[in-house]
Amino acid sequence: MRYENTLAAARSLDTQDSLRHFQEQFIFPKHHGENVRYLCGNSLGLQPKSIRQALLNELDQWAEHGVEGHFRGELPWMHYHKFLTAQTARLVGALPHEVVVMNTLTVNLHLMMASFYRPTASRFKIVMEAGAFPSDQYAMESQVRWHGFDPETAIVEVAPRAGEDTLRTEDILQTIEDQGEMVALVMFGGVNYYTGQYYDLAGIAATGHRVGAKVGFDLAHAAGNLPLRLHDWGPDFAVWCSYKYMNSGPGGPSGAFVHERHASSPELPRFAGWWGHDEAVRFKMKKGFQPMFGAEGWQLSNAQIFSFAAHKASLDIFDAAGIENLRAKSLKLTAFLEQVLKEADGGRNLFRIITPGDPAQRGCQLSLLTDDRGKALFDYLAANGVIADWREPNVIRFAPVPLYNSFEDVWQTGHLVASFSLSFSIL
Ligand SMILES: *Cc1c(COP(=O)(O)O)cnc(C)c1O
């Protein structure tokens, strides 16, 4: 579909947008007194207005009840992680006992690998995407070394073919098949943070399992961005953070998924803490760890109430909007952005969009590979109130998110890129 590339047409799309009112639930930084056009929700989502009151409620609970706050009030702290479960499960397509909110993302990645990366002399490899987020690369390397293996031989990265920017699904699946019985773990991102490519998670999980490997996903850039079906796709585990598309604030808590098939596996090795211990006898304070059924059995510590309260307020917004409705709007916003950017470039080759053109292989984000004019373009946008983000060495990422971005945001961004681009045609 082609969109009419005018301000009037963009505004008319906004008028027809049934999710439009959600924008009013967020706080925008200002640029010369006006809301910025915030296309950076893939890095740190905007602040929902409701979070302030949610945090004040917990401060009041603490002030009024002290330690009794664990048992009193509407949301007693003792069970706080459970108040996030149903919404989290809906958002990632899991059964309630398959998910838990706990810790932070890289911590959870390590906790999950403690259980699901169990290398042996013959089956010790990890298949992952080349160019994964650095924290994931470091986690993989250090896990491999921790088990006494060499990352050079134990980590197999799937890279784009020469002259291409993103991975071909056939190459991912073929690499898993080729490594076969040597693969202990297939570990993939959901959406790559740099290219914006959304991988075939169902296919990766099925192929990983066919060769007898465990399968894990890092969904930092997928959760809250795309509808997910973790239970059906069947990975052994998945982890994500809540401060990108999920708008739960800097350093917000992580979520973890452990597939139902492992729900009742007390023999599965894991790093344990008291909050993962059977809650019926948790406060008997006895020796002998007995894990909770399901993902809760991987918890270490009692809930981080303030960050969980912020996360809950944000999850309420997702529930009200519906992830399928959000995706429907997101497909349009991103397609519109793709079109206005291409038209703004006008054949001057200021940049190339490296995110897949197929909407089924991407979420909100478009990544522009630029040349030595790229940083100037990025700075020009910032000086004109458009917040995108810059990734070294030369990529600009735009993520129009359906909860608080508008078609006008997209059009104005394209308009600014066009003005910048035009300045090169007169040289
Ligand atoms: C954002 C991101 C992280 C950050 O990890 P934290 O532990 O939350 O600091 C890790 N991995 C991926 C894939 C990410 O996108």
# chains A, B, ... in the order shown; residues from 1 in each chain; ligands from 1

$ select_by_dssp --residues "range 251-409 of chain A" --states "alpha helix (DSSP H)" --output "ChimeraX atom specification"
/A:305-321,323-345,374-383,407-409

$ residues_near_ligand --ligand "ligand 1" --cutoff "7 Å" --atoms "only C-alpha atoms and all ligand atoms" --output "list in words"
Thr104, Leu105, Thr106, Val107, Ala132, Phe133, Ser135, Asp136, Gly189, Tyr193, Asp218, Leu219, Ala220, His221, Cys241 and Gly251 of chain A

$ atom_distance --atom1 "CA of Ala256 in chain A" --atom2 "CA of Val101 in chain A"
6.3 Å

$ select_by_dssp --residues "range 272-408 of chain A" --states "strand (DSSP E)" --output "mmCIF file with N, CA and C atoms, in the first residue's frame"
data_model
loop_
_atom_site.group_PDB
_atom_site.id
_atom_site.type_symbol
_atom_site.label_atom_id
_atom_site.label_comp_id
_atom_site.auth_asym_id
_atom_site.auth_seq_id
_atom_site.Cartn_x
_atom_site.Cartn_y
_atom_site.Cartn_z
ATOM 1 N N PHE A 351 21.495 7.194 2.830
ATOM 2 C CA PHE A 351 21.400 6.046 3.727
ATOM 3 C C PHE A 351 20.732 4.900 2.985
ATOM 4 N N ARG A 352 20.824 3.731 3.598
ATOM 5 C CA ARG A 352 20.152 2.542 3.109
ATOM 6 C C ARG A 352 19.461 1.910 4.307
ATOM 7 N N ILE A 353 18.215 1.520 4.138
ATOM 8 C CA ILE A 353 17.501 0.857 5.243
ATOM 9 C C ILE A 353 17.932 -0.610 5.264
ATOM 10 N N LEU A 366 13.141 0.731 12.233
ATOM 11 C CA LEU A 366 13.892 0.742 10.970
ATOM 12 C C LEU A 366 15.291 1.263 11.271
ATOM 13 N N SER A 367 16.294 0.573 10.736
ATOM 14 C CA SER A 367 17.689 0.977 10.942
ATOM 15 C C SER A 367 18.247 1.484 9.620
ATOM 16 N N LEU A 368 18.837 2.677 9.669
ATOM 17 C CA LEU A 368 19.407 3.289 8.475
ATOM 18 C C LEU A 368 20.921 3.224 8.544
ATOM 19 N N LEU A 369 21.514 2.560 7.586
ATOM 20 C CA LEU A 369 22.971 2.542 7.487
ATOM 21 C C LEU A 369 23.371 3.790 6.703
ATOM 22 N N THR A 370 24.186 4.636 7.334
ATOM 23 C CA THR A 370 24.516 5.916 6.711
ATOM 24 C C THR A 370 25.990 5.942 6.315
ATOM 25 N N VAL A 386 13.428 15.786 16.928
ATOM 26 C CA VAL A 386 13.173 14.364 16.682
ATOM 27 C C VAL A 386 14.241 13.547 17.406
ATOM 28 N N ILE A 387 13.784 12.722 18.333
ATOM 29 C CA ILE A 387 14.717 11.887 19.090
ATOM 30 C C ILE A 387 14.746 10.486 18.469
ATOM 31 N N ASP A 389 17.907 7.228 17.624
ATOM 32 C CA ASP A 389 19.139 6.920 18.320
ATOM 33 C C ASP A 389 20.233 6.473 17.377
ATOM 34 N N TRP A 390 21.448 6.705 17.820
ATOM 35 C CA TRP A 390 22.646 6.528 17.016
ATOM 36 C C TRP A 390 23.403 5.338 17.557
ATOM 37 N N ARG A 391 23.745 4.406 16.690
ATOM 38 C CA ARG A 391 24.536 3.241 17.106
ATOM 39 C C ARG A 391 25.812 3.232 16.292
ATOM 40 N N VAL A 395 24.865 3.770 12.281
ATOM 41 C CA VAL A 395 23.454 3.420 12.094
ATOM 42 C C VAL A 395 22.564 4.366 12.906
ATOM 43 N N ILE A 396 21.503 4.850 12.239
ATOM 44 C CA ILE A 396 20.447 5.590 12.944
ATOM 45 C C ILE A 396 19.251 4.661 13.053
ATOM 46 N N ARG A 397 18.741 4.528 14.290
ATOM 47 C CA ARG A 397 17.562 3.671 14.480
ATOM 48 C C ARG A 397 16.351 4.554 14.774
ATOM 49 N N PHE A 398 15.244 4.265 14.076
ATOM 50 C CA PHE A 398 13.968 4.930 14.343
ATOM 51 C C PHE A 398 12.978 3.858 14.780
#

$ closest_residue --among "A:Ala272, A:Val191, A:Ala295, A:Val281" --to "Asn42 in chain A" --atoms "only C-alpha atoms"
A:Val191

$ closest_residue --among "A:Ile354, A:Leu300, A:Leu109, A:Ala263" --to "Leu95 in chain A" --atoms "only C-alpha atoms"
A:Ala263

$ atom_distance --atom1 "CA of Lys214 in chain A" --atom2 "CA of Lys82 in chain A"
27.0 Å

$ residues_around --residues "Ala320 in chain A" --least-positions-apart "2" --cutoff "12 Å" --atoms "only C-alpha atoms" --output "list in words"
Leu19, His21, Phe22, Gln25, Gln87, Arg90, Leu91, Ala313, Ser314, Leu315, Asp316, Ile317, Phe318, Gly322, Ile323, Glu324, Asn325, Leu326 and Leu403 of chain A

$ closest_residue --among "A:Pro266, A:Pro291, A:Gly163, A:Gly216" --to "Asp278 in chain A" --atoms "only C-alpha atoms"
A:Pro291

$ residues_around --residues "Pro235 in chain A" --least-positions-apart "3" --cutoff "8 Å" --atoms "only C-alpha atoms" --output "PDB file with C-alpha atoms, in the first residue's frame"
ATOM      1  CA  ALA A 205      12.868 -23.596  18.199  1.00  0.00           C
ATOM      2  CA  LYS A 214      17.962 -26.637  24.182  1.00  0.00           C
ATOM      3  CA  VAL A 215      16.569 -23.358  22.787  1.00  0.00           C
ATOM      4  CA  GLY A 216      16.522 -19.919  24.415  1.00  0.00           C
ATOM      5  CA  PHE A 217      15.445 -16.470  23.204  1.00  0.00           C
ATOM      6  CA  LEU A 230       6.118 -18.570  23.412  1.00  0.00           C
ATOM      7  CA  HIS A 231       4.160 -21.543  24.673  1.00  0.00           C
ATOM      8  CA  ALA A 238      13.180 -16.824  27.138  1.00  0.00           C
ATOM      9  CA  HIS A 259       8.386 -23.781  29.151  1.00  0.00           C
TER      10      HIS A 259
END
